[in-house]
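Here is upload.txt, consisting of compact mmCIF, C-alpha atoms:
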# COMPACT_ATOMS: atom_id res chain seq x y z
CA MET P 1 0.00 0.00 0.00
CA PRO P 2 1.24 3.58 -0.64
CA ASN P 3 2.82 5.37 2.29
CA PRO P 4 0.33 8.01 3.54
CA ILE P 5 3.06 10.61 3.97
CA PHE P 6 3.25 10.90 0.19
CA ALA P 7 0.07 9.26 -1.07
CA ASN P 8 -2.15 11.83 0.64
CA LEU P 9 -0.23 14.87 -0.58
CA PRO P 10 -1.89 17.11 -3.18
CA THR P 11 -0.21 18.17 -6.40
CA THR P 12 2.09 21.09 -5.62
CA VAL P 13 0.59 24.53 -6.10
CA PHE P 14 3.38 25.33 -8.57
CA GLU P 15 2.46 22.42 -10.83
CA GLU P 16 -1.24 23.19 -10.43
CA MET P 17 -0.97 26.85 -11.41
CA SER P 18 1.58 26.28 -14.18
CA GLY P 19 -0.62 23.49 -15.54
CA LEU P 20 -3.60 25.84 -15.61
CA ALA P 21 -1.48 28.53 -17.29
CA ARG P 22 -0.48 26.08 -20.02
CA GLU P 23 -4.00 24.73 -20.43
CA LEU P 24 -5.64 28.16 -20.57
CA GLY P 25 -2.89 30.01 -22.44
CA ALA P 26 -2.44 32.35 -19.47
CA ILE P 27 0.55 34.52 -18.59
CA ASN P 28 2.53 32.61 -15.96
CA LEU P 29 3.71 34.87 -13.14
CA GLY P 30 3.52 31.90 -10.80
CA GLN P 31 6.33 29.34 -11.07
CA GLY P 32 9.80 30.86 -10.84
CA PHE P 33 11.64 30.23 -14.08
CA PRO P 34 13.19 33.02 -16.18
CA ASP P 35 12.31 33.90 -19.75
CA ASP P 36 16.03 34.54 -20.35
CA PRO P 37 17.79 31.38 -21.62
CA GLY P 38 20.77 31.82 -19.26
CA PRO P 39 24.45 32.50 -19.93
CA ALA P 40 25.41 31.43 -23.46
CA GLY P 41 28.92 30.42 -22.40
CA LEU P 42 27.61 27.87 -19.92
CA ARG P 43 25.20 26.38 -22.41
CA VAL P 44 27.97 26.04 -24.98
CA LYS P 45 30.26 24.40 -22.42
CA ALA P 46 27.54 21.89 -21.51
CA ALA P 47 26.96 21.04 -25.18
CA GLU P 48 30.68 20.64 -25.83
CA ALA P 49 31.00 18.37 -22.80
CA VAL P 50 28.24 16.11 -24.15
CA VAL P 51 29.85 15.85 -27.59
CA ASP P 52 33.53 15.77 -26.65
CA GLY P 53 33.61 15.03 -22.92
CA TYR P 54 33.17 12.13 -20.54
CA ASN P 55 29.60 10.84 -20.35
CA GLN P 56 29.94 7.91 -17.94
CA TYR P 57 29.47 7.91 -14.18
CA PRO P 58 31.36 10.77 -12.57
CA PRO P 59 32.56 10.45 -8.96
CA MET P 60 29.73 10.10 -6.45
CA ALA P 61 30.68 13.28 -4.58
CA GLY P 62 30.93 15.26 -7.82
CA LEU P 63 33.63 16.18 -10.30
CA PRO P 64 36.72 17.44 -8.46
CA GLU P 65 36.86 20.46 -10.78
CA LEU P 66 33.33 21.49 -9.74
CA ARG P 67 33.89 20.89 -6.03
CA GLU P 68 37.02 23.03 -6.21
CA ALA P 69 35.13 25.73 -8.11
CA VAL P 70 32.35 25.75 -5.49
CA ALA P 71 34.88 26.23 -2.70
CA ARG P 72 36.60 29.04 -4.63
CA HIS P 73 33.29 30.73 -5.36
CA TYR P 74 32.18 30.78 -1.74
CA ALA P 75 35.61 31.96 -0.61
CA GLY P 76 35.40 34.94 -2.95
CA ALA P 77 31.70 35.72 -2.62
CA GLN P 78 31.11 35.04 1.09
CA GLY P 79 34.53 34.70 2.71
CA LEU P 80 34.03 31.01 3.53
CA ASP P 81 36.95 28.60 3.88
CA LEU P 82 35.71 25.25 2.57
CA ASP P 83 37.90 22.22 1.90
CA TRP P 84 36.56 20.91 -1.41
CA ARG P 85 37.84 17.39 -0.67
CA THR P 86 35.96 16.89 2.59
CA GLU P 87 33.27 19.60 2.74
CA VAL P 88 31.61 19.86 -0.70
CA THR P 89 29.25 17.36 -2.35
CA ILE P 90 27.47 17.87 -5.68
CA THR P 91 23.81 16.82 -5.84
CA SER P 92 21.08 16.61 -8.47
CA GLY P 93 19.55 19.90 -7.46
CA ALA P 94 18.92 21.55 -4.12
CA THR P 95 15.83 19.45 -3.39
CA GLU P 96 17.93 16.31 -3.55
CA ALA P 97 20.43 18.03 -1.25
CA LEU P 98 17.61 18.70 1.21
CA ALA P 99 16.47 15.07 1.05
CA ALA P 100 20.03 13.87 1.67
CA ALA P 101 20.38 16.20 4.66
CA PHE P 102 17.09 15.14 6.23
CA LEU P 103 17.61 11.41 5.67
CA ALA P 104 21.22 11.54 6.90
CA LEU P 105 20.75 13.65 10.00
CA ILE P 106 17.22 13.07 11.36
CA GLU P 107 16.40 10.13 13.60
CA PRO P 108 12.82 9.02 14.35
CA GLY P 109 11.37 11.22 17.09
CA ASP P 110 13.66 14.19 16.43
CA GLU P 111 12.02 17.60 16.33
CA VAL P 112 12.85 19.90 13.43
CA VAL P 113 12.22 23.65 13.58
CA VAL P 114 10.79 24.90 10.28
CA PHE P 115 9.93 28.48 9.38
CA GLN P 116 6.72 28.96 7.41
CA PRO P 117 6.04 30.08 4.72
CA ALA P 118 8.12 27.05 3.72
CA TYR P 119 9.15 25.37 0.49
CA ASP P 120 6.66 22.56 -0.02
CA ALA P 121 9.27 19.76 -0.04
CA TYR P 122 10.44 20.38 3.53
CA LEU P 123 7.65 18.86 5.60
CA PRO P 124 7.01 15.60 3.69
CA LEU P 125 10.75 14.89 3.51
CA ILE P 126 11.24 15.62 7.22
CA ARG P 127 8.35 13.32 8.11
CA ARG P 128 9.64 10.61 5.77
CA ALA P 129 12.93 10.75 7.68
CA GLY P 130 11.05 10.30 10.97
CA GLY P 131 11.18 13.89 12.16
CA THR P 132 8.45 15.97 13.76
CA PRO P 133 8.18 19.53 12.40
CA LYS P 134 7.89 22.39 14.88
CA LEU P 135 6.53 25.36 12.94
CA VAL P 136 7.49 29.00 13.39
CA SER P 137 5.11 31.30 11.52
CA LEU P 138 6.50 34.43 9.88
CA GLN P 139 4.12 37.28 9.09
CA PRO P 140 4.07 40.03 6.46
CA PRO P 141 5.25 42.61 5.76
CA HIS P 142 8.65 42.01 7.42
CA TRP P 143 8.66 38.19 7.76
CA ARG P 144 11.01 38.29 10.78
CA PHE P 145 11.39 36.01 13.80
CA ASP P 146 12.40 36.94 17.32
CA GLU P 147 13.85 35.25 20.40
CA ALA P 148 10.45 34.44 21.92
CA MET P 149 9.39 32.64 18.75
CA LEU P 150 12.56 30.54 18.81
CA GLN P 151 12.22 29.75 22.51
CA ALA P 152 8.73 28.42 21.86
CA ALA P 153 9.95 26.18 19.02
CA PHE P 154 13.25 24.81 20.35
CA GLY P 155 13.24 22.15 23.05
CA PRO P 156 15.09 19.10 24.39
CA LYS P 157 14.15 17.00 21.34
CA THR P 158 15.25 19.60 18.76
CA ARG P 159 17.71 18.03 16.36
CA MET P 160 17.59 20.46 13.45
CA ALA P 161 16.44 23.86 12.25
CA VAL P 162 15.68 24.46 8.56
CA LEU P 163 16.08 27.98 7.23
CA ASN P 164 15.47 29.33 3.73
CA ASN P 165 17.43 32.55 3.27
CA PRO P 166 16.77 34.61 1.17
CA VAL P 167 13.19 33.61 1.89
CA ASN P 168 10.88 32.32 -0.82
CA PRO P 169 8.07 33.44 -1.12
CA ALA P 170 8.66 36.46 1.14
CA GLY P 171 11.48 37.99 -0.91
CA VAL P 172 13.41 38.85 2.29
CA ALA P 173 17.16 38.60 2.88
CA LEU P 174 17.35 38.04 6.63
CA PRO P 175 19.53 40.49 8.58
CA GLU P 176 22.48 39.33 10.64
CA GLU P 177 20.70 39.97 13.93
CA ASP P 178 18.06 37.35 13.05
CA LEU P 179 20.73 34.86 12.02
CA ALA P 180 22.59 35.50 15.29
CA LEU P 181 19.43 34.65 17.24
CA LEU P 182 19.02 31.39 15.35
CA ALA P 183 22.70 30.53 15.73
CA ARG P 184 22.54 30.98 19.50
CA ALA P 185 19.43 28.79 19.68
CA CYS P 186 21.10 26.03 17.64
CA VAL P 187 24.26 26.11 19.76
CA ALA P 188 22.29 26.14 23.02
CA HIS P 189 20.25 23.08 21.98
CA GLY P 190 22.99 21.20 20.14
CA ALA P 191 21.02 21.43 16.90
CA VAL P 192 22.16 21.26 13.29
CA ALA P 193 21.01 23.95 10.86
CA VAL P 194 20.10 23.07 7.28
CA CYS P 195 20.35 26.32 5.34
CA ASP P 196 18.58 26.42 1.99
CA GLU P 197 20.45 29.35 0.41
CA VAL P 198 19.58 28.79 -3.24
CA TRP P 199 18.72 32.49 -3.72
CA GLU P 200 22.03 33.75 -2.32
CA GLN P 201 23.11 35.37 -5.64
CA VAL P 202 19.74 37.02 -6.23
CA VAL P 203 19.79 39.83 -3.65
CA PHE P 204 19.17 43.51 -4.33
CA PRO P 205 21.06 46.39 -2.66
CA PRO P 206 21.10 47.61 0.02
CA ALA P 207 20.17 44.12 1.25
CA ARG P 208 22.96 41.56 1.52
CA HIS P 209 23.06 37.81 1.89
CA HIS P 210 24.68 36.59 5.11
CA PRO P 211 25.37 32.82 5.33
CA LEU P 212 24.35 31.21 8.62
CA ILE P 213 27.46 29.02 8.54
CA ALA P 214 29.56 32.14 9.22
CA GLN P 215 27.82 32.87 12.53
CA PRO P 216 29.70 32.07 15.77
CA GLY P 217 29.42 28.41 16.68
CA MET P 218 27.83 27.38 13.37
CA ARG P 219 30.81 26.30 11.25
CA GLY P 220 30.59 22.69 12.42
CA ARG P 221 26.81 22.45 12.70
CA THR P 222 25.52 24.01 9.46
CA VAL P 223 24.63 22.34 6.16
CA LYS P 224 24.76 25.03 3.48
CA ILE P 225 22.83 24.27 0.28
CA GLY P 226 23.33 26.15 -2.97
CA SER P 227 21.95 25.85 -6.49
CA ALA P 228 23.65 26.40 -9.82
CA GLY P 229 20.20 26.52 -11.40
CA LYS P 230 19.30 29.61 -9.39
CA MET P 231 22.77 31.18 -9.68
CA PHE P 232 22.72 31.02 -13.47
CA GLY P 233 18.99 31.16 -14.21
CA LEU P 234 19.04 27.59 -15.55
CA THR P 235 16.40 26.08 -13.32
CA GLY P 236 16.12 22.81 -15.25
CA TRP P 237 19.78 21.90 -14.80
CA LYS P 238 19.32 20.62 -11.23
CA VAL P 239 22.90 20.94 -10.00
CA GLY P 240 23.09 21.53 -6.25
CA PHE P 241 25.85 22.04 -3.69
CA LEU P 242 26.01 20.51 -0.19
CA CYS P 243 28.61 22.24 1.97
CA ALA P 244 29.30 21.18 5.56
CA ALA P 245 32.04 20.20 8.00
CA PRO P 246 33.70 16.82 7.30
CA GLU P 247 31.75 14.79 9.87
CA LEU P 248 28.44 16.08 8.49
CA THR P 249 29.59 15.73 4.89
CA HIS P 250 30.48 12.07 5.45
CA ALA P 251 26.87 11.34 6.43
CA LEU P 252 25.39 13.59 3.74
CA ALA P 253 27.40 11.93 0.98
CA ARG P 254 26.32 8.47 2.12
CA ALA P 255 22.67 9.51 1.84
CA HIS P 256 23.30 11.16 -1.54
CA GLN P 257 24.84 8.00 -2.97
CA PHE P 258 21.58 6.12 -2.40
CA LEU P 259 19.34 8.88 -3.77
CA THR P 260 20.73 9.89 -7.15
CA PHE P 261 24.38 8.76 -6.70
CA THR P 262 25.56 11.37 -9.17
CA THR P 263 24.68 14.29 -11.44
CA PRO P 264 25.17 14.64 -15.25
CA PRO P 265 28.89 15.23 -15.84
CA ASN P 266 28.40 17.67 -18.73
CA LEU P 267 26.37 19.99 -16.49
CA GLN P 268 28.96 19.69 -13.74
CA THR P 269 31.72 20.62 -16.18
CA ALA P 270 29.77 23.64 -17.41
CA VAL P 271 28.92 24.87 -13.89
CA ALA P 272 32.57 24.54 -12.84
CA TRP P 273 33.58 26.71 -15.79
CA GLY P 274 30.79 29.17 -15.05
CA LEU P 275 31.68 29.66 -11.39
CA ASP P 276 35.23 30.61 -12.37
CA ASN P 277 34.44 32.65 -15.49
CA SER P 278 31.23 34.61 -14.87
CA PRO P 279 32.03 37.77 -12.88
CA GLY P 280 30.01 39.82 -15.35
CA TRP P 281 26.99 37.56 -14.95
CA PHE P 282 27.09 37.68 -11.16
CA ALA P 283 27.33 41.47 -11.27
CA GLU P 284 24.68 42.13 -13.94
CA MET P 285 22.13 39.39 -13.29
CA PRO P 286 20.86 40.88 -9.99
CA ARG P 287 20.69 44.35 -11.56
CA THR P 288 18.64 43.03 -14.47
CA LEU P 289 16.25 41.28 -12.10
CA GLU P 290 16.05 44.37 -9.91
CA ARG P 291 14.92 46.38 -12.93
CA SER P 292 12.27 43.78 -13.67
CA ARG P 293 11.16 43.83 -10.03
CA ASP P 294 10.87 47.62 -10.15
CA ARG P 295 8.94 47.52 -13.43
CA LEU P 296 6.41 45.03 -12.09
CA ALA P 297 6.09 46.86 -8.75
CA ALA P 298 5.58 50.23 -10.44
CA GLY P 299 2.96 48.83 -12.81
CA LEU P 300 1.06 47.20 -9.97
CA ALA P 301 1.20 50.40 -7.90
CA ARG P 302 -0.21 52.41 -10.80
CA GLU P 303 -3.13 50.01 -10.93
CA GLY P 304 -3.77 50.44 -7.21
CA PHE P 305 -2.21 47.25 -5.85
CA ALA P 306 -0.41 47.26 -2.49
CA VAL P 307 3.05 45.80 -3.17
CA LEU P 308 5.22 44.37 -0.40
CA PRO P 309 9.00 44.98 -0.51
CA SER P 310 11.22 42.44 -2.24
CA GLN P 311 14.91 42.27 -1.30
CA GLY P 312 15.76 39.18 -3.33
CA THR P 313 14.63 35.99 -5.13
CA TYR P 314 12.52 36.12 -8.31
CA PHE P 315 9.39 37.17 -6.42
CA LEU P 316 7.37 40.02 -5.00
CA ASN P 317 4.03 39.88 -3.21
CA ILE P 318 0.83 41.87 -3.30
CA ASP P 319 -1.39 42.38 -0.26
CA LEU P 320 -4.85 41.48 -1.50
CA PRO P 321 -6.99 43.09 1.25
CA ALA P 322 -4.93 46.30 1.04
CA SER P 323 -5.49 46.20 -2.74
CA GLY P 324 -9.26 46.11 -2.35
CA ILE P 325 -9.66 42.37 -2.91
CA ASP P 326 -11.80 40.55 -0.37
CA LEU P 327 -11.17 37.02 -1.68
CA PRO P 328 -8.68 34.65 -0.02
CA ASP P 329 -5.45 34.32 -2.01
CA ARG P 330 -6.18 30.87 -3.45
CA ALA P 331 -9.68 31.85 -4.56
CA PHE P 332 -8.35 35.01 -6.20
CA ALA P 333 -5.49 33.12 -7.87
CA LEU P 334 -7.92 30.62 -9.41
CA ARG P 335 -10.24 33.36 -10.63
CA ALA P 336 -7.30 35.32 -12.05
CA VAL P 337 -6.01 32.43 -14.13
CA HIS P 338 -9.45 31.28 -15.31
CA GLU P 339 -11.12 34.65 -15.90
CA ALA P 340 -8.25 37.04 -16.64
CA GLY P 341 -5.52 34.77 -18.01
CA VAL P 342 -2.77 35.39 -15.46
CA ALA P 343 -1.29 32.92 -12.96
CA GLY P 344 0.12 33.75 -9.53
CA ILE P 345 0.84 31.68 -6.43
CA PRO P 346 -1.22 31.97 -3.22
CA VAL P 347 1.19 32.35 -0.30
CA SER P 348 -1.18 30.38 1.93
CA ALA P 349 0.09 27.28 0.09
CA PHE P 350 3.44 27.72 1.85
CA TYR P 351 1.81 27.28 5.30
CA GLU P 352 0.67 24.07 6.93
CA GLN P 353 -0.97 25.74 9.95
CA ASP P 354 -2.69 29.12 10.43
CA PRO P 355 -1.90 30.34 6.93
CA VAL P 356 -1.48 33.95 5.87
CA ALA P 357 -4.33 33.97 3.36
CA GLY P 358 -4.25 37.42 1.79
CA ILE P 359 -0.94 37.48 -0.11
CA LEU P 360 -0.32 36.61 -3.77
CA ARG P 361 3.22 35.84 -4.97
CA LEU P 362 4.25 37.03 -8.44
CA CYS P 363 7.36 36.13 -10.42
CA PHE P 364 9.20 39.02 -12.10
CA CYS P 365 12.00 37.18 -13.97
CA LYS P 366 10.06 37.71 -17.21
CA GLY P 367 10.29 40.00 -20.21
CA ASP P 368 8.94 43.55 -20.03
CA ALA P 369 5.99 42.84 -22.30
CA VAL P 370 4.96 39.83 -20.20
CA LEU P 371 5.18 41.85 -16.98
CA ASP P 372 3.19 44.75 -18.42
CA GLU P 373 0.45 42.50 -19.74
CA GLY P 374 0.42 40.59 -16.48
CA VAL P 375 -0.30 43.83 -14.59
CA LEU P 376 -3.23 44.64 -16.85
CA ARG P 377 -4.67 41.15 -16.43
CA LEU P 378 -4.30 41.26 -12.65
CA ALA P 379 -6.16 44.58 -12.63
CA ARG P 380 -8.89 42.95 -14.72
CA ALA P 381 -9.02 40.03 -12.27
CA ARG P 382 -9.42 42.44 -9.37
CA ASP P 383 -12.23 44.29 -11.15
CA LEU P 384 -14.02 41.02 -11.87
CA ALA P 385 -13.61 39.93 -8.24
CA ARG P 386 -15.10 43.20 -7.00
CA ARG P 387 -18.15 42.67 -9.18
CA GLY P 388 -18.60 39.22 -7.67
Translate the structure of the given file into structure tokens.
Amino acid sequence: MPNPIFANLPTTVFEEMSGLARELGAINLGQGFPDDPGPAGLRVKAAEAVVDGYNQYPPMAGLPELREAVARHYAGAQGLDLDWRTEVTITSGATEALAAAFLALIEPGDEVVVFQPAYDAYLPLIRRAGGTPKLVSLQPPHWRFDEAMLQAAFGPKTRMAVLNNPVNPAGVALPEEDLALLARACVAHGAVAVCDEVWEQVVFPPARHHPLIAQPGMRGRTVKIGSAGKMFGLTGWKVGFLCAAPELTHALARAHQFLTFTTPPNLQTAVAWGLDNSPGWFAEMPRTLERSRDRLAAGLAREGFAVLPSQGTYFLNIDLPASGIDLPDRAFALRAVHEAGVAGIPVSAFYEQDPVAGILRLCFCKGDAVLDEGVLRLARARDLARRG
């Protein structure tokens, strides 16, 4: 019989809304994938590696050239000192990295602190590993946590805390003071932190990304997860990075070998080249996305929508009640895609308990014409909703 942990789960909201967008021919401002095809140099390198390179099993932990490049990248970008031989593992995307971390480090009965809104893979994977989620609810517009919230969540059974930073769907890059609070809680309770930092390159000034692993006491108890797909806007490549101290990495790699074992070598070769040869991309990509964010935010504001700040990721949010929309976010999202031809993501889908039900997430990594038309269709959806 199917295991109820997975058998009873609904289709993800991302697949649902993107499926409706495809079926109805709607503009998709829901699922986060760019219109831009990504850096040409990387795509050429991947193609060359398929034609002229090695296409058999690469090493389980990843190509040495990519592991070295990951360590160099984080040394230059975030001041981290990682030993590529013992502290870096390449995975088939960040979700596989999360699965490896949960399966390797959670024992049945362990409690795991999770901040919601949360990526939809966290809770089923934690439960599959035998863990019990302890939810901390973040609220708009600032999406911050404080010491009292952590004290209520951490306890004698806490084994792990899972943090997404920058935060999807909130679009927030957490400040150092919040990370310091979490670090102190992890140290005090002997907990490991799994840090989903896939959006670390997509942060807009004056905000900055601060890795939790750099906080006092966290070097040996943090699993840092990165994503080449997010770094380079190539979301289908599914090349992830697991970075952790040697003792943790030993366990993580053993879990990884029984999940996917390895990742396509041509993509690994291309990402290794890209990490070492893309300073222009890393400088310009956030600026390009910031301009798209500003274009979408300005268009929405002109149409009377209340837009929440976005410091990073591909996403910004609109406050539906403050925009004159009385419908819950999921109901409005369904009406918008069916009646006005534009798809967004209801933020309530990122909550398991006591959801924030008046926020709609929109993706701005799209072309100008798509963003402009999306604004007009959202305004039409609001007008239709007001008429009942």
Could you state the separation of CA of Val271 (chain P) and CA of Ala46 (chain P) in Å, given to one decimal place? 8.3 Å
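Among P:Thr260, P:Pro133, P:Ala245, P:Arg184, the residue with the shortest atom-to-atom distance to Tyr57 (chain P), counting all atoms listed in the file, is P:Thr260.
Interatomic distance, CA of Ser92 (chain P) to CA of Thr262 (chain P): 6.9 Å.
Using all atoms listed in the file, the smallest distance between any of P:Glu68, P:Glu177, P:Glu111, P:Glu284 and Ile126 (chain P) comes from P:Glu111.
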Pairwise distance for CA of Phe261 (chain P) and CA of Pro37 (chain P), rounded to one decimal in Å: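 Taking CA of Phe261 (chain P) and CA of Pro37 (chain P), their separation equals 27.9 Å.
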Could you name the residues that touch His338 (chain P) at 12 Å or less, counting all atoms listed in the file, but leaving out those on the same chain fewer than 2 positions away, as a PDB file with C-alpha atoms, in the coordinates of the input?
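Output (out_18.pdb):
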ATOM      1  CA  MET P  17      -0.970  26.850 -11.410  1.00  0.00           C
ATOM      2  CA  GLY P  19      -0.620  23.490 -15.540  1.00  0.00           C
ATOM      3  CA  LEU P  20      -3.600  25.840 -15.610  1.00  0.00           C
ATOM      4  CA  ALA P  21      -1.480  28.530 -17.290  1.00  0.00           C
ATOM      5  CA  ARG P  22      -0.480  26.080 -20.020  1.00  0.00           C
ATOM      6  CA  GLU P  23      -4.000  24.730 -20.430  1.00  0.00           C
ATOM      7  CA  LEU P  24      -5.640  28.160 -20.570  1.00  0.00           C
ATOM      8  CA  GLY P  25      -2.890  30.010 -22.440  1.00  0.00           C
ATOM      9  CA  ALA P  26      -2.440  32.350 -19.470  1.00  0.00           C
ATOM     10  CA  ILE P  27       0.550  34.520 -18.590  1.00  0.00           C
ATOM     11  CA  ALA P 331      -9.680  31.850  -4.560  1.00  0.00           C
ATOM     12  CA  PHE P 332      -8.350  35.010  -6.200  1.00  0.00           C
ATOM     13  CA  ALA P 333      -5.490  33.120  -7.870  1.00  0.00           C
ATOM     14  CA  LEU P 334      -7.920  30.620  -9.410  1.00  0.00           C
ATOM     15  CA  ARG P 335     -10.240  33.360 -10.630  1.00  0.00           C
ATOM     16  CA  ALA P 336      -7.300  35.320 -12.050  1.00  0.00           C
ATOM     17  CA  ALA P 340      -8.250  37.040 -16.640  1.00  0.00           C
ATOM     18  CA  GLY P 341      -5.520  34.770 -18.010  1.00  0.00           C
ATOM     19  CA  VAL P 342      -2.770  35.390 -15.460  1.00  0.00           C
ATOM     20  CA  ALA P 343      -1.290  32.920 -12.960  1.00  0.00           C
ATOM     21  CA  GLY P 344       0.120  33.750  -9.530  1.00  0.00           C
ATOM     22  CA  ARG P 377      -4.670  41.150 -16.430  1.00  0.00           C
ATOM     23  CA  LEU P 378      -4.300  41.260 -12.650  1.00  0.00           C
ATOM     24  CA  ARG P 380      -8.890  42.950 -14.720  1.00  0.00           C
ATOM     25  CA  ALA P 381      -9.020  40.030 -12.270  1.00  0.00           C
ATOM     26  CA  LEU P 384     -14.020  41.020 -11.870  1.00  0.00           C
ATOM     27  CA  ALA P 385     -13.610  39.930  -8.240  1.00  0.00           C
TER      28      ALA P 385
END
Give me the residues near Val223 (chain P) as a ChimeraX atom specification, where near means some atom within 9 Å (using all atoms listed in the file) and where sequence neighbours in that chain fewer than 4 positions away do not count. /P:101,192-196,213,219,242-245,248-249
Considering all atoms listed in the file, state which residue in the set P:Thr132, P:Thr222, P:Gln116, P:Asn168 is at the smallest distance from Arg361 (chain P).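 Of all the options, P:Asn168 lies closest to Arg361 (chain P).
Using only C-alpha atoms, the nearest neighbour of Asn164 (chain P) within the list P:Val70, P:Val114, P:Ala253, P:Met149 is P:Val114.
In terms of minimum interatomic distance to Glu87 (chain P), P:Gly220 ranks closest within P:Gly358, P:Pro205, P:Pro265, P:Gly220, counting only C-alpha atoms.
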Neighbours of Gln201 (chain P) within 12 Å (only C-alpha atoms; same-chain residues fewer than 5 positions away dropped), as an mmCIF file with C-alpha atoms, in the coordinates of the input?
data_model
loop_
_atom_site.group_PDB
_atom_site.id
_atom_site.type_symbol
_atom_site.label_atom_id
_atom_site.label_comp_id
_atom_site.auth_asym_id
_atom_site.auth_seq_id
_atom_site.Cartn_x
_atom_site.Cartn_y
_atom_site.Cartn_z
ATOM 1 C CA HIS P 73 33.290 30.730 -5.360
ATOM 2 C CA TYR P 74 32.180 30.780 -1.740
ATOM 3 C CA ALA P 77 31.700 35.720 -2.620
ATOM 4 C CA GLN P 78 31.110 35.040 1.090
ATOM 5 C CA ASN P 165 17.430 32.550 3.270
ATOM 6 C CA PRO P 166 16.770 34.610 1.170
ATOM 7 C CA ALA P 173 17.160 38.600 2.880
ATOM 8 C CA ALA P 207 20.170 44.120 1.250
ATOM 9 C CA ARG P 208 22.960 41.560 1.520
ATOM 10 C CA HIS P 209 23.060 37.810 1.890
ATOM 11 C CA HIS P 210 24.680 36.590 5.110
ATOM 12 C CA PRO P 211 25.370 32.820 5.330
ATOM 13 C CA GLY P 226 23.330 26.150 -2.970
ATOM 14 C CA SER P 227 21.950 25.850 -6.490
ATOM 15 C CA ALA P 228 23.650 26.400 -9.820
ATOM 16 C CA GLY P 229 20.200 26.520 -11.400
ATOM 17 C CA LYS P 230 19.300 29.610 -9.390
ATOM 18 C CA MET P 231 22.770 31.180 -9.680
ATOM 19 C CA PHE P 232 22.720 31.020 -13.470
ATOM 20 C CA GLY P 233 18.990 31.160 -14.210
ATOM 21 C CA LEU P 275 31.680 29.660 -11.390
ATOM 22 C CA PRO P 279 32.030 37.770 -12.880
ATOM 23 C CA TRP P 281 26.990 37.560 -14.950
ATOM 24 C CA PHE P 282 27.090 37.680 -11.160
ATOM 25 C CA ALA P 283 27.330 41.470 -11.270
ATOM 26 C CA GLU P 284 24.680 42.130 -13.940
ATOM 27 C CA MET P 285 22.130 39.390 -13.290
ATOM 28 C CA PRO P 286 20.860 40.880 -9.990
ATOM 29 C CA ARG P 287 20.690 44.350 -11.560
ATOM 30 C CA LEU P 289 16.250 41.280 -12.100
ATOM 31 C CA GLN P 311 14.910 42.270 -1.300
ATOM 32 C CA GLY P 312 15.760 39.180 -3.330
ATOM 33 C CA THR P 313 14.630 35.990 -5.130
ATOM 34 C CA TYR P 314 12.520 36.120 -8.310
#
Contacts of Pro117 (chain P) within 9 Å, all atoms listed in the file, excl. fewer than 3 positions in-chain, as a ChimeraX atom specification: /P:114,120,136-139,167-170,347-352,355-356
Show which residues sit within 12 Å of Glu65 (chain P), as a list in words. Count all atoms listed in the file, and ignore same-chain residues fewer than 5 positions away.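 The contact residues come out as Pro58, Pro59, Val70, Ala71, Arg72, Trp84, Arg85, Val88, Thr89, Ile90, Pro265, Asn266, Leu267, Gln268, Thr269, Ala270, Val271, Ala272, Trp273, Gly274, Leu275 and Asp276 of chain P.
Nearest residue to Glu15 (chain P) among P:Ile345, P:Ala251, P:Ile225, P:Glu290 is P:Ile345, counting all atoms listed in the file.
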Could you put an axis-aligned box around every listed atom of region 148-155 of chain P, padded by 4 Å on each side, and send me its centre and edge lengths in Å to one decimal, as AutoDock Vina command-line options?
--center_x 11.0 --center_y 28.3 --center_z 20.9 --size_x 12.5 --size_y 20.3 --size_z 12.3
At most 10 Å from (-6.3, 51.8, -6.5), file frame, all atoms listed in the file: which residues, as a VMD selection string? chain P and resid 300 to 306 322 to 324 379
